[in-house]
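Listing of upload06.txt, compact mmCIF, N, CA and C atoms
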# COMPACT_ATOMS: atom_id res chain seq x y z
N MET O 7 28.13 16.96 10.69
CA MET O 7 29.04 17.64 9.79
C MET O 7 29.01 19.13 10.08
N ASP O 8 30.14 19.74 10.06
CA ASP O 8 30.22 21.18 10.28
C ASP O 8 29.48 21.92 9.18
N GLY O 9 28.72 22.93 9.56
CA GLY O 9 28.08 23.78 8.59
C GLY O 9 26.59 23.56 8.43
N PHE O 10 26.09 22.32 8.60
CA PHE O 10 24.66 22.08 8.45
C PHE O 10 24.27 20.77 9.12
N SER O 11 22.97 20.63 9.35
CA SER O 11 22.39 19.37 9.82
C SER O 11 21.12 19.12 9.01
N ILE O 12 20.72 17.86 8.94
CA ILE O 12 19.52 17.49 8.20
C ILE O 12 18.65 16.59 9.07
N ALA O 13 17.36 16.62 8.82
CA ALA O 13 16.42 15.74 9.49
C ALA O 13 16.02 14.65 8.51
N VAL O 14 16.24 13.40 8.89
CA VAL O 14 15.85 12.26 8.05
C VAL O 14 15.16 11.23 8.94
N PRO O 15 14.37 10.34 8.36
CA PRO O 15 13.71 9.30 9.16
C PRO O 15 14.72 8.44 9.92
N ALA O 16 14.28 7.87 11.02
CA ALA O 16 15.16 7.07 11.88
C ALA O 16 15.76 5.87 11.14
N ASP O 17 15.07 5.34 10.13
CA ASP O 17 15.59 4.17 9.42
C ASP O 17 16.53 4.52 8.27
N ALA O 18 16.85 5.80 8.11
CA ALA O 18 17.75 6.22 7.04
C ALA O 18 19.18 5.84 7.37
N GLN O 19 19.92 5.43 6.36
CA GLN O 19 21.34 5.17 6.49
C GLN O 19 22.07 6.42 6.04
N VAL O 20 22.76 7.08 6.97
CA VAL O 20 23.43 8.35 6.69
C VAL O 20 24.92 8.12 6.61
N LYS O 21 25.53 8.70 5.58
CA LYS O 21 26.98 8.59 5.38
C LYS O 21 27.55 9.98 5.19
N GLY O 22 28.65 10.26 5.84
CA GLY O 22 29.36 11.51 5.59
C GLY O 22 30.19 11.35 4.36
N GLY O 23 30.27 12.39 3.59
CA GLY O 23 31.03 12.31 2.35
C GLY O 23 32.28 13.14 2.43
N GLU O 24 32.96 13.20 1.32
CA GLU O 24 34.18 13.97 1.21
C GLU O 24 33.88 15.41 0.83
N GLY O 25 34.67 16.32 1.33
CA GLY O 25 34.62 17.70 0.89
C GLY O 25 33.30 18.41 1.09
N GLY O 26 32.65 18.20 2.22
CA GLY O 26 31.42 18.94 2.51
C GLY O 26 30.16 18.33 1.96
N SER O 27 30.09 17.01 1.88
CA SER O 27 28.87 16.37 1.40
C SER O 27 28.36 15.37 2.43
N LYS O 28 27.09 15.01 2.27
CA LYS O 28 26.46 14.01 3.12
C LYS O 28 25.44 13.27 2.27
N GLN O 29 25.22 11.99 2.58
CA GLN O 29 24.28 11.17 1.83
C GLN O 29 23.40 10.41 2.81
N ALA O 30 22.11 10.24 2.46
CA ALA O 30 21.18 9.42 3.23
C ALA O 30 20.36 8.58 2.26
N ASP O 31 20.12 7.33 2.63
CA ASP O 31 19.33 6.41 1.82
C ASP O 31 18.24 5.79 2.68
N TRP O 32 17.01 5.74 2.16
CA TRP O 32 15.92 5.02 2.82
C TRP O 32 14.78 4.84 1.84
N ASN O 33 14.03 3.74 2.01
CA ASN O 33 12.86 3.46 1.16
C ASN O 33 13.15 3.63 -0.33
N ASN O 34 14.31 3.23 -0.76
CA ASN O 34 14.71 3.34 -2.18
C ASN O 34 14.75 4.80 -2.64
N ARG O 35 15.00 5.71 -1.69
CA ARG O 35 15.15 7.14 -1.98
C ARG O 35 16.54 7.56 -1.58
N GLN O 36 17.08 8.53 -2.27
CA GLN O 36 18.43 9.01 -1.94
C GLN O 36 18.42 10.52 -1.79
N LEU O 37 19.17 10.96 -0.80
CA LEU O 37 19.35 12.37 -0.52
C LEU O 37 20.84 12.65 -0.47
N TYR O 38 21.27 13.66 -1.20
CA TYR O 38 22.66 14.11 -1.16
C TYR O 38 22.65 15.59 -0.83
N ILE O 39 23.56 16.01 0.01
CA ILE O 39 23.76 17.42 0.30
C ILE O 39 25.20 17.74 -0.08
N PHE O 40 25.37 18.71 -0.94
CA PHE O 40 26.70 19.16 -1.34
C PHE O 40 26.90 20.60 -0.91
N ARG O 41 28.11 20.91 -0.52
CA ARG O 41 28.47 22.26 -0.08
C ARG O 41 29.81 22.59 -0.72
N TYR O 42 29.89 23.78 -1.35
CA TYR O 42 31.14 24.18 -1.98
C TYR O 42 31.19 25.69 -2.09
N SER O 43 32.38 26.22 -2.24
CA SER O 43 32.57 27.66 -2.40
C SER O 43 32.35 28.04 -3.85
N SER O 44 31.65 29.18 -4.05
CA SER O 44 31.40 29.63 -5.41
C SER O 44 30.92 31.07 -5.40
N ASP O 45 31.15 31.75 -6.53
CA ASP O 45 30.64 33.10 -6.72
C ASP O 45 29.27 33.11 -7.39
N GLU O 46 28.81 31.96 -7.90
CA GLU O 46 27.55 31.93 -8.62
C GLU O 46 26.37 32.10 -7.67
N ASP O 47 25.27 32.60 -8.20
CA ASP O 47 24.07 32.72 -7.37
C ASP O 47 23.07 31.64 -7.78
N ALA O 48 22.01 31.50 -6.99
CA ALA O 48 21.05 30.42 -7.19
C ALA O 48 20.40 30.46 -8.58
N SER O 49 20.18 31.65 -9.10
CA SER O 49 19.49 31.73 -10.39
C SER O 49 20.35 31.30 -11.57
N SER O 50 21.67 31.23 -11.38
CA SER O 50 22.54 30.88 -12.51
C SER O 50 23.19 29.50 -12.38
N MET O 51 22.93 28.77 -11.31
CA MET O 51 23.65 27.50 -11.11
C MET O 51 23.06 26.32 -11.88
N PHE O 52 21.86 26.44 -12.41
CA PHE O 52 21.23 25.35 -13.15
C PHE O 52 20.78 25.86 -14.50
N PRO O 53 20.58 25.01 -15.49
CA PRO O 53 20.90 23.59 -15.47
C PRO O 53 22.39 23.34 -15.57
N LEU O 54 22.80 22.23 -15.03
CA LEU O 54 24.22 21.88 -15.02
C LEU O 54 24.69 21.53 -16.42
N ASN O 55 25.93 21.88 -16.67
CA ASN O 55 26.54 21.54 -17.94
C ASN O 55 27.99 21.16 -17.65
N PRO O 56 28.46 19.97 -17.91
CA PRO O 56 27.76 18.93 -18.66
C PRO O 56 26.60 18.33 -17.84
N ARG O 57 25.70 17.70 -18.53
CA ARG O 57 24.53 17.09 -17.90
C ARG O 57 24.96 15.95 -16.98
N PRO O 58 24.17 15.71 -15.91
CA PRO O 58 24.48 14.60 -15.00
C PRO O 58 24.37 13.25 -15.72
N SER O 59 25.03 12.26 -15.16
CA SER O 59 24.99 10.90 -15.71
C SER O 59 23.55 10.42 -15.84
N GLY O 60 23.21 9.86 -16.99
CA GLY O 60 21.88 9.31 -17.21
C GLY O 60 20.81 10.34 -17.53
N PHE O 61 21.18 11.59 -17.70
CA PHE O 61 20.21 12.67 -17.93
C PHE O 61 19.30 12.33 -19.10
N GLN O 62 17.97 12.45 -18.87
CA GLN O 62 16.99 12.17 -19.92
C GLN O 62 16.19 13.39 -20.34
N GLY O 63 16.14 14.41 -19.53
CA GLY O 63 15.39 15.60 -19.91
C GLY O 63 14.95 16.42 -18.72
N GLN O 64 14.93 17.72 -18.93
CA GLN O 64 14.53 18.64 -17.87
C GLN O 64 13.02 18.61 -17.69
N ILE O 65 12.58 18.66 -16.44
CA ILE O 65 11.16 18.76 -16.12
C ILE O 65 10.81 20.22 -15.85
N SER O 66 11.61 20.87 -15.01
CA SER O 66 11.32 22.26 -14.68
C SER O 66 12.55 22.93 -14.08
N LEU O 67 12.54 24.25 -14.11
CA LEU O 67 13.57 25.08 -13.49
C LEU O 67 12.84 26.31 -12.97
N GLU O 68 12.88 26.51 -11.65
CA GLU O 68 12.16 27.65 -11.10
C GLU O 68 12.92 28.31 -9.96
N SER O 69 12.74 29.61 -9.86
CA SER O 69 13.31 30.38 -8.76
C SER O 69 12.31 30.40 -7.61
N LEU O 70 12.83 30.42 -6.40
CA LEU O 70 11.99 30.46 -5.21
C LEU O 70 12.78 31.05 -4.06
N THR O 71 12.12 31.19 -2.92
CA THR O 71 12.79 31.61 -1.69
C THR O 71 12.79 30.42 -0.75
N TYR O 72 13.94 30.07 -0.22
CA TYR O 72 14.09 28.95 0.71
C TYR O 72 14.78 29.46 1.97
N GLN O 73 14.11 29.34 3.09
CA GLN O 73 14.63 29.81 4.37
C GLN O 73 15.11 31.27 4.27
N GLY O 74 14.33 32.08 3.57
CA GLY O 74 14.61 33.50 3.46
C GLY O 74 15.68 33.88 2.46
N ARG O 75 16.16 32.93 1.67
CA ARG O 75 17.23 33.18 0.71
C ARG O 75 16.76 32.87 -0.71
N PRO O 76 17.29 33.59 -1.71
CA PRO O 76 17.01 33.21 -3.10
C PRO O 76 17.51 31.78 -3.35
N ALA O 77 16.71 31.00 -4.05
CA ALA O 77 17.06 29.60 -4.34
C ALA O 77 16.51 29.24 -5.71
N ALA O 78 16.92 28.08 -6.19
CA ALA O 78 16.42 27.56 -7.46
C ALA O 78 16.18 26.06 -7.32
N ASP O 79 15.10 25.58 -7.90
CA ASP O 79 14.80 24.15 -7.97
C ASP O 79 14.91 23.72 -9.42
N TRP O 80 15.70 22.69 -9.66
CA TRP O 80 15.83 22.10 -10.99
C TRP O 80 15.37 20.66 -10.89
N GLN O 81 14.40 20.27 -11.71
CA GLN O 81 13.94 18.89 -11.75
C GLN O 81 14.23 18.30 -13.13
N TYR O 82 14.65 17.04 -13.10
CA TYR O 82 14.92 16.35 -14.36
C TYR O 82 14.74 14.85 -14.17
N HIS O 83 14.64 14.13 -15.28
CA HIS O 83 14.62 12.67 -15.28
C HIS O 83 16.00 12.16 -15.62
N ARG O 84 16.33 11.00 -15.03
CA ARG O 84 17.58 10.33 -15.38
C ARG O 84 17.33 8.83 -15.41
N SER O 85 18.13 8.13 -16.19
CA SER O 85 18.02 6.67 -16.22
C SER O 85 19.00 6.09 -15.21
N THR O 86 18.59 4.98 -14.60
CA THR O 86 19.46 4.29 -13.65
C THR O 86 20.28 3.24 -14.39
N SER O 87 21.25 2.68 -13.71
CA SER O 87 22.11 1.68 -14.36
C SER O 87 21.34 0.42 -14.77
N ASN O 88 20.19 0.16 -14.11
CA ASN O 88 19.41 -1.03 -14.48
C ASN O 88 18.23 -0.69 -15.39
N GLY O 89 18.22 0.54 -15.97
CA GLY O 89 17.20 0.92 -16.93
C GLY O 89 15.97 1.57 -16.34
N GLY O 90 15.93 1.79 -15.03
CA GLY O 90 14.79 2.46 -14.41
C GLY O 90 14.82 3.96 -14.67
N LYS O 91 13.71 4.61 -14.33
CA LYS O 91 13.61 6.06 -14.53
C LYS O 91 13.47 6.75 -13.18
N GLN O 92 14.42 7.61 -12.87
CA GLN O 92 14.38 8.38 -11.63
C GLN O 92 13.96 9.82 -11.93
N ARG O 93 13.34 10.40 -10.92
CA ARG O 93 13.06 11.84 -10.95
C ARG O 93 13.98 12.47 -9.93
N VAL O 94 14.61 13.57 -10.30
CA VAL O 94 15.59 14.23 -9.44
C VAL O 94 15.17 15.68 -9.23
N LEU O 95 15.26 16.13 -7.99
CA LEU O 95 15.07 17.54 -7.68
C LEU O 95 16.35 18.03 -7.02
N VAL O 96 16.89 19.12 -7.53
CA VAL O 96 18.08 19.73 -6.94
C VAL O 96 17.69 21.14 -6.51
N ARG O 97 17.78 21.39 -5.21
CA ARG O 97 17.54 22.75 -4.70
C ARG O 97 18.88 23.37 -4.38
N GLY O 98 19.17 24.51 -4.99
CA GLY O 98 20.44 25.20 -4.78
C GLY O 98 20.20 26.57 -4.18
N PHE O 99 21.07 26.94 -3.24
CA PHE O 99 21.01 28.27 -2.63
C PHE O 99 22.39 28.61 -2.09
N LYS O 100 22.57 29.88 -1.82
CA LYS O 100 23.88 30.37 -1.40
C LYS O 100 23.79 31.05 -0.05
N VAL O 101 24.79 30.79 0.79
CA VAL O 101 24.92 31.46 2.08
C VAL O 101 26.33 32.02 2.14
N GLY O 102 26.45 33.34 2.07
CA GLY O 102 27.78 33.94 1.98
C GLY O 102 28.44 33.47 0.70
N GLY O 103 29.65 32.93 0.80
CA GLY O 103 30.36 32.42 -0.36
C GLY O 103 30.21 30.93 -0.54
N THR O 104 29.24 30.31 0.16
CA THR O 104 29.05 28.86 0.10
C THR O 104 27.74 28.52 -0.58
N VAL O 105 27.80 27.63 -1.57
CA VAL O 105 26.62 27.12 -2.25
C VAL O 105 26.25 25.78 -1.62
N PHE O 106 24.97 25.59 -1.38
CA PHE O 106 24.43 24.31 -0.91
C PHE O 106 23.52 23.77 -1.99
N GLU O 107 23.61 22.45 -2.23
CA GLU O 107 22.70 21.75 -3.12
C GLU O 107 22.08 20.60 -2.35
N ILE O 108 20.76 20.59 -2.26
CA ILE O 108 20.02 19.48 -1.67
C ILE O 108 19.47 18.69 -2.86
N ARG O 109 19.94 17.46 -3.02
CA ARG O 109 19.58 16.63 -4.18
C ARG O 109 18.72 15.45 -3.72
N TRP O 110 17.57 15.30 -4.33
CA TRP O 110 16.59 14.27 -3.98
C TRP O 110 16.36 13.36 -5.18
N TYR O 111 16.61 12.06 -5.02
CA TYR O 111 16.45 11.07 -6.09
C TYR O 111 15.41 10.04 -5.66
N THR O 112 14.44 9.79 -6.53
CA THR O 112 13.47 8.74 -6.27
C THR O 112 12.99 8.19 -7.62
N MET O 113 12.50 6.98 -7.60
CA MET O 113 11.97 6.42 -8.84
C MET O 113 10.73 7.22 -9.23
N GLU O 114 10.51 7.37 -10.52
CA GLU O 114 9.40 8.20 -11.01
C GLU O 114 8.07 7.78 -10.40
N ASP O 115 7.82 6.46 -10.29
CA ASP O 115 6.53 6.01 -9.75
C ASP O 115 6.41 6.20 -8.24
N ASP O 116 7.47 6.64 -7.58
CA ASP O 116 7.45 6.91 -6.13
C ASP O 116 7.45 8.40 -5.84
N TRP O 117 7.50 9.24 -6.87
CA TRP O 117 7.64 10.68 -6.68
C TRP O 117 6.56 11.26 -5.77
N THR O 118 5.31 11.00 -6.07
CA THR O 118 4.22 11.57 -5.27
C THR O 118 4.28 11.09 -3.83
N ALA O 119 4.50 9.80 -3.63
CA ALA O 119 4.56 9.25 -2.27
C ALA O 119 5.76 9.79 -1.49
N SER O 120 6.80 10.22 -2.18
CA SER O 120 8.01 10.68 -1.51
C SER O 120 7.95 12.14 -1.04
N GLN O 121 6.89 12.85 -1.42
CA GLN O 121 6.84 14.29 -1.15
C GLN O 121 6.79 14.64 0.34
N LYS O 122 6.19 13.79 1.15
CA LYS O 122 6.16 14.04 2.60
C LYS O 122 7.58 13.98 3.16
N ASP O 123 8.35 12.98 2.75
CA ASP O 123 9.74 12.89 3.20
C ASP O 123 10.57 14.07 2.70
N LEU O 124 10.35 14.47 1.44
CA LEU O 124 11.09 15.61 0.89
C LEU O 124 10.76 16.89 1.65
N ALA O 125 9.49 17.09 1.96
CA ALA O 125 9.11 18.28 2.73
C ALA O 125 9.78 18.28 4.10
N GLY O 126 9.89 17.10 4.72
CA GLY O 126 10.59 16.98 6.00
C GLY O 126 12.06 17.30 5.89
N VAL O 127 12.68 16.88 4.81
CA VAL O 127 14.10 17.19 4.58
C VAL O 127 14.28 18.70 4.44
N PHE O 128 13.46 19.35 3.60
CA PHE O 128 13.58 20.78 3.42
C PHE O 128 13.32 21.53 4.72
N ALA O 129 12.32 21.11 5.48
CA ALA O 129 12.01 21.78 6.75
C ALA O 129 13.10 21.54 7.80
N GLY O 130 13.75 20.37 7.72
CA GLY O 130 14.72 19.99 8.73
C GLY O 130 16.16 20.38 8.43
N PHE O 131 16.40 21.01 7.29
CA PHE O 131 17.75 21.44 6.96
C PHE O 131 18.08 22.69 7.78
N LYS O 132 19.17 22.62 8.54
CA LYS O 132 19.56 23.74 9.41
C LYS O 132 21.04 24.04 9.23
N LEU O 133 21.34 25.30 9.11
CA LEU O 133 22.74 25.74 9.11
C LEU O 133 23.22 25.80 10.54
N SER O 134 24.48 25.43 10.74
CA SER O 134 25.01 25.46 12.11
C SER O 134 26.23 26.36 12.20
Do you think you could lay out the structure here as structure tokens?
Amino acid sequence: MDGFSIAVPADAQVKGGEGGSKQADWNNRQLYIFRYSSDEDASSMFPLNPRPSGFQGQISLESLTYQGRPAADWQYHRSTSNGGKQRVLVRGFKVGGTVFEIRWYTMEDDWTASQKDLAGVFAGFKLS
């Protein structure tokens, strides 16, 4: 996809999306990358309003630096359509007039085990 590339495990199923998005699924984990034009900065983009589907409650909201840029991480719980509980991390940052959101979804009981894959995703995200 023009604009960025991501590193995911070889067994991941990657799908290109509409309007600057990409999705990858593996090991019952989901990764979405969204890209859109906006004037907002990382510190003001979260929490989202209206709340995402299935929203159950915020875990944390923190500012950080990602790849040398101001960024924000928003974590929350959401319910799945079959009644499960997912933990979601959304990392947002801006490059020029473009906002990127890296969204990571995993079941709550898989959160700790998924951190190695998440670290690989964050390390492997490259602008092109």
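Those DNA, RNA and protein residues that approach the point (19.6, 14.3, -18.7) to within 8 Å, considering all atoms listed in the file, are Arg57, Pro58, Ser59, Gly60, Phe61, Gln62, Gly63, Gln64, Tyr82, His83, Arg84 and Ser85 of chain O.
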**OP:** In Å, rounded to a single decimal, give me how far atom CA of O:Pro53 is from atom CA of O:Ser87.
**Re:**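 Going from atom CA of O:Ser87 over to atom CA of O:Pro53, I get 22.0 Å.
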**OP:** May I have the residues within 6.5 Å of O:Val20 as an NGL selection string, using only N, CA and C atoms and disregarding those fewer than 6 positions away in the same chain?
**Re:** :O and (29-31)
**OP:** Would you please work out which residue, of O:Asp17, O:Glu68, O:Met113, O:Lys122, is nearest to O:Gly90 when using only N, CA and C atoms?
**Re:** O:Met113
**OP:** Counting only C-alpha atoms, figure out which residue out of O:Ala13, O:Leu67, O:Ile39, O:Ala77 gets nearest to O:Gly130.
**Re:** O:Ala13
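Picture a line from atom C of O:Gly102 to atom N of O:Leu70; it runs 17.4 Å.
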